[in-house]
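Q: This is data-v1.cif, which holds mmCIF, C-alpha atoms:
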```cif
data_input
#
loop_
_atom_site.label_atom_id
_atom_site.label_comp_id
_atom_site.auth_asym_id
_atom_site.auth_seq_id
_atom_site.Cartn_x
_atom_site.Cartn_y
_atom_site.Cartn_z
CA MET S 1 -8.55 -10.92 20.16
CA ASN S 2 -9.38 -10.10 16.53
CA ARG S 3 -7.31 -6.96 16.68
CA ILE S 4 -4.34 -8.84 18.08
CA VAL S 5 -4.56 -11.48 15.37
CA SER S 6 -4.98 -8.96 12.54
CA ARG S 7 -2.16 -6.77 13.86
CA PHE S 8 0.08 -9.81 14.13
CA ALA S 9 -0.81 -10.77 10.53
CA TYR S 10 -0.11 -7.23 9.30
CA ARG S 11 3.26 -7.16 11.07
CA PHE S 12 4.02 -10.52 9.48
CA LEU S 13 3.18 -9.08 6.05
CA LEU S 14 5.41 -6.08 6.72
CA ARG S 15 8.28 -8.36 7.67
CA LEU S 16 7.98 -10.10 4.29
CA HIS S 17 8.59 -6.79 2.49
CA PRO S 18 12.13 -6.03 1.27
CA ALA S 19 14.31 -4.77 4.13
CA SER S 20 14.86 -1.34 2.59
CA PHE S 21 11.11 -0.72 2.19
CA GLN S 22 10.44 -2.08 5.67
CA ASN S 23 13.03 0.19 7.27
CA GLU S 24 11.80 3.23 5.40
CA PHE S 25 8.03 2.86 5.75
CA GLY S 26 7.31 -0.14 8.03
CA ALA S 27 6.78 1.84 11.25
CA GLU S 28 4.52 4.38 9.53
CA MET S 29 2.46 1.64 7.86
CA LEU S 30 1.92 -0.09 11.18
CA TRP S 31 0.95 3.20 12.78
CA ILE S 32 -1.62 3.85 10.02
CA PHE S 33 -2.89 0.28 10.41
CA ASP S 34 -3.52 0.95 14.12
CA GLU S 35 -5.33 4.19 13.31
CA GLU S 36 -7.36 2.80 10.41
CA ASP S 37 -8.17 -0.64 11.79
CA GLN S 38 -11.57 0.41 13.14
CA GLN S 39 -12.54 2.61 10.19
CA SER S 40 -11.41 0.67 7.14
CA GLY S 41 -11.51 -2.86 8.50
CA ALA S 42 -8.64 -5.26 9.01
CA ALA S 43 -9.47 -7.38 5.96
CA TYR S 44 -9.10 -4.42 3.58
CA LEU S 45 -5.81 -3.33 5.20
CA LEU S 46 -4.44 -6.88 5.10
CA PHE S 47 -5.37 -7.17 1.43
CA ASP S 48 -3.73 -3.82 0.74
CA GLY S 49 -0.60 -4.92 2.60
CA ALA S 50 -0.45 -8.15 0.60
CA ARG S 51 -0.80 -6.23 -2.66
CA SER S 52 2.04 -3.94 -1.62
CA LEU S 53 4.15 -6.98 -0.73
CA LEU S 54 3.62 -8.50 -4.17
CA ARG S 55 4.48 -5.21 -5.89
CA GLN S 56 7.65 -4.77 -3.86
CA ARG S 57 8.77 -8.36 -4.38
CA PHE S 58 8.08 -8.34 -8.11
CA ARG S 59 9.79 -5.05 -8.83
CA ILE S 60 13.13 -5.29 -10.52
CA GLN S 61 15.56 -4.02 -7.91
CA ASN S 62 18.43 -3.17 -10.24
CA ASP S 63 16.45 -1.27 -12.81
CA PRO S 64 14.01 1.13 -11.18
CA GLY S 65 13.65 2.90 -14.54
CA GLN S 66 11.45 0.08 -15.75
CA SER S 67 8.80 0.43 -13.08
CA SER S 68 6.55 3.11 -14.47
CA ILE S 69 4.11 4.92 -12.22
CA THR S 70 1.93 5.65 -15.21
CA SER S 71 1.15 2.13 -16.31
CA GLY S 72 0.45 0.30 -13.06
CA THR S 73 1.73 -2.92 -14.64
CA ILE S 74 3.59 -5.54 -12.65
CA ILE S 75 6.97 -6.39 -14.08
CA THR S 76 8.48 -9.71 -13.08
CA GLY S 77 12.17 -9.82 -12.39
CA PRO S 78 14.83 -12.49 -12.19
CA GLY S 79 15.11 -12.12 -8.41
CA MET S 80 12.71 -14.93 -7.46
CA SER S 81 12.28 -18.44 -8.86
CA PRO S 82 8.80 -19.50 -10.03
CA LEU S 83 8.74 -22.35 -7.48
CA ARG S 84 9.50 -19.99 -4.60
CA LEU S 85 6.86 -17.62 -5.90
CA LEU S 86 4.26 -20.38 -6.09
CA GLN S 87 5.18 -21.57 -2.59
CA GLY S 88 4.85 -18.06 -1.20
CA GLY S 89 1.58 -17.44 -3.03
CA VAL S 90 -0.05 -20.65 -1.78
CA SER S 91 1.14 -20.04 1.80
CA PHE S 92 -0.12 -16.49 1.73
CA LEU S 93 -3.54 -17.46 0.36
CA LEU S 94 -3.95 -20.17 3.00
CA ILE S 95 -3.01 -17.82 5.83
CA PHE S 96 -5.18 -15.04 4.41
CA PHE S 97 -8.29 -17.18 4.05
CA CYS S 98 -7.78 -18.70 7.51
CA LEU S 99 -7.53 -15.21 8.97
CA ILE S 100 -10.66 -14.04 7.17
CA ARG S 101 -12.49 -17.13 8.43
CA VAL S 102 -11.27 -16.56 11.97
CA LEU S 103 -12.08 -12.85 11.91
CA SER S 104 -15.61 -13.55 10.73
CA HIS S 105 -16.15 -15.98 13.66
CA PRO S 106 -14.56 -14.16 16.58
CA ASN S 107 -15.47 -16.57 19.36
CA SER S 108 -14.45 -19.78 17.73
CA LEU S 109 -10.69 -19.40 17.37
CA PHE S 110 -8.54 -22.25 18.51
CA LEU S 111 -4.84 -22.09 17.77
CA SER S 112 -2.40 -24.92 18.27
CA VAL S 113 1.18 -25.59 17.24
CA LYS S 114 2.37 -29.18 17.15
CA TRP S 115 5.30 -31.20 15.90
CA ALA S 116 4.35 -33.76 13.27
CA ASP S 117 6.78 -36.70 13.43
CA ARG S 118 5.73 -38.35 10.20
CA MET S 119 6.05 -35.19 8.14
CA SER S 120 8.99 -33.80 10.13
CA CYS S 121 7.48 -30.38 10.37
CA TYR S 122 5.63 -28.03 12.69
CA THR S 123 1.95 -27.49 12.00
CA LEU S 124 -0.01 -24.42 12.97
CA THR S 125 -3.69 -25.27 13.29
CA LEU S 126 -6.42 -22.65 13.29
CA GLU S 127 -9.76 -24.17 14.12
CA ALA S 128 -12.82 -22.19 13.15
CA PRO S 129 -16.28 -23.79 12.58
CA SER S 130 -14.66 -25.61 9.70
CA HIS S 131 -11.21 -27.09 10.14
CA ALA S 132 -8.24 -25.40 8.48
CA GLU S 133 -4.63 -26.43 8.77
CA VAL S 134 -1.58 -24.50 7.63
CA VAL S 135 1.93 -25.93 7.55
CA LEU S 136 4.10 -22.94 8.29
CA ASP S 137 7.60 -24.29 8.07
CA SER S 138 9.43 -27.51 7.46
CA ALA S 139 12.26 -28.27 9.82
CA PRO S 140 13.98 -31.67 9.93
CA MET R 1 12.61 5.76 -12.61
CA SER R 2 13.36 8.68 -14.82
CA SER R 3 11.22 11.77 -15.06
CA ARG R 4 10.66 10.90 -18.70
CA ASP R 5 8.48 7.95 -17.63
CA THR R 6 6.21 10.17 -15.61
CA ASN R 7 5.61 12.57 -18.48
CA ASN R 8 4.28 9.89 -20.81
CA GLY R 9 0.69 8.79 -20.59
CA PRO R 10 -1.88 9.30 -17.88
CA LEU R 11 -1.02 8.95 -14.19
CA SER R 12 -2.55 6.13 -12.21
CA SER R 13 -5.47 7.06 -9.92
CA ALA R 14 -3.39 6.56 -6.76
CA THR R 15 -0.54 8.71 -8.08
CA LEU R 16 -2.89 11.47 -9.18
CA HIS R 17 -4.67 11.53 -5.80
CA ILE R 18 -1.38 11.59 -3.87
CA LEU R 19 0.00 14.45 -5.96
CA LEU R 20 -3.28 16.35 -5.59
CA ALA R 21 -3.27 15.87 -1.82
CA LEU R 22 0.30 17.15 -1.58
CA ALA R 23 -0.48 20.11 -3.84
CA GLY R 24 -2.44 21.54 -0.91
CA GLY R 25 0.59 21.47 1.40
CA ASN R 26 3.05 19.17 3.15
CA LEU R 27 1.48 16.10 4.73
CA HIS R 28 2.53 12.93 6.51
CA GLY R 29 1.39 9.52 5.25
CA TYR R 30 -1.80 9.31 7.27
CA GLY R 31 -2.54 12.95 6.42
CA ILE R 32 -2.40 12.05 2.72
CA ILE R 33 -4.85 9.16 3.25
CA LYS R 34 -7.25 11.40 5.17
CA GLU R 35 -6.99 14.24 2.65
CA ILE R 36 -7.74 11.87 -0.26
CA ARG R 37 -10.75 10.49 1.60
CA ARG R 38 -11.98 13.99 2.40
CA SER R 39 -11.53 15.40 -1.11
CA SER R 40 -13.21 12.42 -2.77
CA ASP R 41 -16.07 12.35 -0.22
CA GLY R 42 -14.96 8.88 0.82
CA HIS R 43 -15.35 7.43 -2.67
CA TYR R 44 -11.62 6.77 -3.13
CA ARG R 45 -9.86 4.78 -0.45
CA LEU R 46 -6.11 4.37 -0.28
CA GLY R 47 -4.48 1.83 2.02
CA PRO R 48 -1.05 2.33 3.58
CA GLY R 49 0.48 -0.35 1.33
CA THR R 50 -0.65 1.36 -1.86
CA LEU R 51 0.28 4.77 -0.46
CA TYR R 52 3.88 3.96 0.44
CA ASP R 53 4.41 1.85 -2.65
CA ASN R 54 3.45 4.90 -4.74
CA LEU R 55 5.30 7.36 -2.52
CA LYS R 56 8.49 5.33 -2.93
CA LYS R 57 8.14 5.44 -6.72
CA LEU R 58 7.32 9.15 -6.68
CA MET R 59 10.34 9.88 -4.50
CA GLU R 60 12.57 7.85 -6.80
CA ALA R 61 11.19 9.87 -9.72
CA GLY R 62 11.91 13.12 -7.89
CA LEU R 63 8.26 14.23 -7.88
CA VAL R 64 7.90 14.00 -4.10
CA ALA R 65 10.54 14.65 -1.46
CA ASP R 66 10.89 14.69 2.30
CA ALA R 67 9.63 18.00 3.67
CA PRO R 68 12.17 19.89 5.76
CA GLN R 69 11.33 19.49 9.44
CA VAL R 70 10.48 22.73 11.15
CA ALA R 71 11.32 22.56 14.85
CA PRO R 72 8.40 24.07 16.78
CA PRO R 73 9.48 26.36 19.59
CA LYS R 74 8.77 25.48 23.22
CA ARG R 75 7.06 22.16 22.62
CA ARG R 76 6.67 19.74 25.47
CA ALA R 77 8.53 16.43 25.24
CA ALA R 78 5.25 14.48 25.21
CA ALA R 79 4.18 16.23 22.04
CA MET R 80 7.42 15.46 20.25
CA LYS R 81 6.34 11.98 19.16
CA GLU R 82 3.89 13.48 16.69
CA ASP R 83 6.68 15.58 15.23
CA ASP R 84 8.72 12.46 14.46
CA ARG R 85 6.33 11.71 11.62
CA ARG R 86 7.82 12.00 8.19
CA PHE R 87 6.28 14.74 6.09
CA TYR R 88 6.24 14.75 2.30
CA THR R 89 6.26 17.65 -0.11
CA LEU R 90 5.66 18.10 -3.82
CA THR R 91 8.79 19.10 -5.77
CA LYS R 92 8.82 21.55 -8.66
CA GLU R 93 8.97 18.63 -11.06
CA GLY R 94 6.03 17.06 -9.28
CA LYS R 95 4.00 20.23 -9.69
CA ASP R 96 4.85 20.28 -13.42
CA VAL R 97 3.75 16.66 -13.88
CA LEU R 98 0.52 17.35 -11.97
CA ALA R 99 -0.17 20.47 -14.06
CA LYS R 100 0.35 18.48 -17.29
CA GLU R 101 -2.02 15.77 -16.05
CA VAL R 102 -4.65 18.34 -15.12
CA ASP R 103 -4.33 19.85 -18.63
CA ARG R 104 -4.73 16.41 -20.14
CA LEU R 105 -7.81 15.70 -18.05
CA GLN R 106 -9.18 19.14 -18.96
CA SER R 107 -8.92 18.33 -22.66
CA VAL R 108 -10.61 14.96 -22.07
CA VAL R 109 -13.49 16.75 -20.31
CA SER R 110 -13.75 19.33 -23.12
CA GLN R 111 -13.83 16.58 -25.73
CA ALA R 112 -16.46 14.67 -23.78
CA ARG R 113 -18.67 17.76 -23.40
CA LEU R 114 -18.37 18.51 -27.10
CA ARG R 115 -19.33 14.95 -28.06
CA LEU R 116 -22.31 14.97 -25.70
CA ARG R 117 -23.51 18.29 -27.10
CA GLU R 118 -23.19 16.97 -30.67
CA SER R 119 -25.16 13.85 -29.82
CA ARG R 120 -27.92 15.95 -28.23
CA VAL R 121 -28.22 18.10 -31.40
CA ARG R 122 -28.55 14.95 -33.53
CA ILE R 123 -31.37 13.63 -31.33
#
```
Have the structure of the file written as structure tokens, please.

A:
Amino acid sequence: MNRIVSRFAYRFLLRLHPASFQNEFGAEMLWIFDEEDQQSGAAYLLFDGARSLLRQRFRIQNDPGQSSITSGTIITGPGMSPLRLLQGGVSFLLIFFCLIRVLSHPNSLFLSVKWADRMSCYTLTLEAPSHAEVVLDSAP
Amino acid sequence: MSSRDTNNGPLSSATLHILLALAGGNLHGYGIIKEIRRSSDGHYRLGPGTLYDNLKKLMEAGLVADAPQVAPPKRRAAAMKEDDRRFYTLTKEGKDVLAKEVDRLQSVVSQARLRLRESRVRI
């Protein structure tokens, strides 16, 4: 069960990468995830995938000359608005911490998806020993 | 990324380890991860995200390239899936950058040894 959840989360992270990166390396990254899952641990691989996602999304697409391999600095570009970035960051952190919580308590996972009339949105609920709720998407 | 960027300043740890792994021969992505783990006795771990992020930059800089696929003779169809893996190779420019970095590290080590020897004499 844990493996299925962590693999699903990793695939989700890969799908958030830019299409060009995904097409070029996505299949190989998933293959390495399958091979390394037992040895390195899913949490480390998920964290690594999230870091890669941030780097790819932050990189200035039109000026690759500015992304130096020597400095390791993250350069923000005009491609994403701060609000969108904040939204993505909060969503990712919520999902990540829920996953960590679920993975650390393997027998207590309860997953439900329901339509909330008052908020006009779907809610994905992951119930571990403590309750955690993540609103995945708003759809009127 | 221009090659000029790669010649200035020290390389990041991930970049240095990837270039060093490829200096030993052509490898696929997972091969690079395993080689880095082996050569560092497990002290340096590289995840697939960090690996491909760096590989992409190195390929854009012309330091790493796709290795030409060598078709093995008389292989069974079942074994072909393994051959679909993408292999990476160090370019001439990549070797130059790695050699410069090794020289830089060598001078750092020499300096450090000298300083340590001087401090021992003072004591």

Q: Just give me the gap between CA of Gly89 in chain S and CA of Leu45 in chain S in Å, one decimal is fine.

A: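 Atom-to-atom, CA of Gly89 in chain S and CA of Leu45 in chain S are spaced 17.9 Å apart.
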
Q: Need to verify the contact set: Gln69 in chain R, 10 Å, only C-alpha atoms, exclusion of same-chain residues closer than 6 positions in sequence. Can you return it as a ChimeraX atom specification?

A: /R:83-88

Q: Using the chain letters and numbers from the file, give me the residues hit by the PyMOL selection byres ((chain R) within 9 of (chain S)), as number ranges by chain.

A: R: 1-2, 5-12, 15, 29-30, 45-54, 56-58, 60-61, 85-86

Q: State, in Å with one decimal place, the distance from CA of Ser13 in chain R to CA of Leu63 in chain R.

A: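 Computed distance, CA of Ser13 in chain R to CA of Leu63 in chain R, equals 15.6 Å.
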
Q: Could you tell me how far CA of Leu22 in chain R lies from CA of Lys34 in chain R, in Å and to one decimal?

A: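 Value for the CA of Leu22 in chain R-CA of Lys34 in chain R distance: 11.6 Å.
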
Q: Evaluate the PyMOL selection byres ((chain R and resi 97) around 10) against this structure - the residues, as a PyMOL selection string, please.

A: chain R and resi 3+6-8+11+16+19+63+91-96+98-103

Q: List the residues sitting within 10 Å of (-9.3, -7.9, 8.4) in the file's frame, using only C-alpha atoms, as number ranges by chain.

A: S: 2-3, 5-7, 9-10, 37-38, 40-47, 96, 99-104

Q: Which polymer residues have any atom within 9 Å of an atom of Thr89 in chain R, counting only C-alpha atoms, with same-chain residues fewer than 4 positions away left out, as a list in words?

A: Leu22, Ala23, Gly25, Asn26, Leu27, His28, Leu63, Val64, Ala65, Asp66, Ala67 and Pro68 of chain R

Q: Would you mind completing range 19-55 of chain R so that it carries N, CA and C atoms, and writing it out as a compact mmCIF listing (two decimals), in the frame of the given file?

A:
```txt
# COMPACT_ATOMS: atom_id res chain seq x y z
N LEU R 19 -0.56 13.16 -5.52
CA LEU R 19 0.00 14.45 -5.96
C LEU R 19 -0.98 15.59 -5.66
N LEU R 20 -2.27 15.32 -5.88
CA LEU R 20 -3.28 16.35 -5.59
C LEU R 20 -3.33 16.68 -4.10
N ALA R 21 -3.24 15.64 -3.28
CA ALA R 21 -3.27 15.87 -1.82
C ALA R 21 -2.08 16.71 -1.39
N LEU R 22 -0.91 16.41 -1.97
CA LEU R 22 0.30 17.15 -1.58
C LEU R 22 0.35 18.55 -2.18
N ALA R 23 -0.45 18.77 -3.24
CA ALA R 23 -0.48 20.11 -3.84
C ALA R 23 -1.06 21.13 -2.86
N GLY R 24 -1.84 20.65 -1.90
CA GLY R 24 -2.44 21.54 -0.91
C GLY R 24 -1.51 21.88 0.24
N GLY R 25 -0.36 21.21 0.32
CA GLY R 25 0.59 21.47 1.40
C GLY R 25 1.28 20.19 1.85
N ASN R 26 2.30 20.34 2.68
CA ASN R 26 3.05 19.17 3.15
C ASN R 26 2.19 18.32 4.08
N LEU R 27 2.27 17.01 3.90
CA LEU R 27 1.48 16.10 4.73
C LEU R 27 2.29 14.87 5.09
N HIS R 28 1.93 14.23 6.21
CA HIS R 28 2.53 12.93 6.51
C HIS R 28 1.64 11.86 5.88
N GLY R 29 2.09 10.60 5.95
CA GLY R 29 1.39 9.52 5.25
C GLY R 29 -0.09 9.43 5.58
N TYR R 30 -0.40 9.44 6.87
CA TYR R 30 -1.80 9.31 7.27
C TYR R 30 -2.59 10.56 6.86
N GLY R 31 -1.90 11.70 6.86
CA GLY R 31 -2.54 12.95 6.42
C GLY R 31 -2.95 12.86 4.95
N ILE R 32 -2.08 12.21 4.15
CA ILE R 32 -2.40 12.05 2.72
C ILE R 32 -3.65 11.17 2.57
N ILE R 33 -3.68 10.07 3.32
CA ILE R 33 -4.85 9.16 3.25
C ILE R 33 -6.13 9.90 3.63
N LYS R 34 -6.06 10.68 4.70
CA LYS R 34 -7.25 11.40 5.17
C LYS R 34 -7.67 12.48 4.18
N GLU R 35 -6.70 13.17 3.60
CA GLU R 35 -6.99 14.24 2.65
C GLU R 35 -7.66 13.67 1.38
N ILE R 36 -7.14 12.51 0.93
CA ILE R 36 -7.74 11.87 -0.26
C ILE R 36 -9.19 11.45 0.04
N ARG R 37 -9.39 10.91 1.22
CA ARG R 37 -10.75 10.49 1.60
C ARG R 37 -11.68 11.69 1.67
N ARG R 38 -11.16 12.78 2.24
CA ARG R 38 -11.98 13.99 2.40
C ARG R 38 -12.32 14.59 1.03
N SER R 39 -11.30 14.73 0.17
CA SER R 39 -11.53 15.40 -1.11
C SER R 39 -12.38 14.56 -2.06
N SER R 40 -12.38 13.25 -1.88
CA SER R 40 -13.21 12.42 -2.77
C SER R 40 -14.54 12.03 -2.10
N ASP R 41 -14.84 12.66 -0.98
CA ASP R 41 -16.07 12.35 -0.22
C ASP R 41 -16.15 10.87 0.14
N GLY R 42 -15.00 10.29 0.39
CA GLY R 42 -14.96 8.88 0.82
C GLY R 42 -15.10 7.88 -0.30
N HIS R 43 -15.17 8.36 -1.55
CA HIS R 43 -15.35 7.43 -2.67
C HIS R 43 -14.04 6.73 -3.05
N TYR R 44 -12.91 7.38 -2.78
CA TYR R 44 -11.62 6.77 -3.13
C TYR R 44 -10.86 6.47 -1.84
N ARG R 45 -10.58 5.19 -1.65
CA ARG R 45 -9.86 4.78 -0.45
C ARG R 45 -8.46 4.33 -0.83
N LEU R 46 -7.51 4.73 -0.02
CA LEU R 46 -6.11 4.37 -0.28
C LEU R 46 -5.56 3.73 0.99
N GLY R 47 -5.08 2.51 0.87
CA GLY R 47 -4.48 1.83 2.02
C GLY R 47 -3.03 2.22 2.18
N PRO R 48 -2.45 1.96 3.35
CA PRO R 48 -1.05 2.33 3.58
C PRO R 48 -0.08 1.62 2.63
N GLY R 49 -0.40 0.38 2.25
CA GLY R 49 0.48 -0.35 1.33
C GLY R 49 0.56 0.34 -0.02
N THR R 50 -0.60 0.68 -0.56
CA THR R 50 -0.65 1.36 -1.86
C THR R 50 -0.01 2.75 -1.75
N LEU R 51 -0.27 3.43 -0.64
CA LEU R 51 0.28 4.77 -0.46
C LEU R 51 1.81 4.75 -0.49
N TYR R 52 2.41 3.92 0.34
CA TYR R 52 3.88 3.96 0.44
C TYR R 52 4.55 3.35 -0.77
N ASP R 53 3.88 2.39 -1.40
CA ASP R 53 4.41 1.85 -2.65
C ASP R 53 4.51 2.97 -3.69
N ASN R 54 3.45 3.78 -3.78
CA ASN R 54 3.45 4.90 -4.74
C ASN R 54 4.38 6.02 -4.31
N LEU R 55 4.42 6.30 -3.01
CA LEU R 55 5.30 7.36 -2.52
C LEU R 55 6.76 7.03 -2.84
```
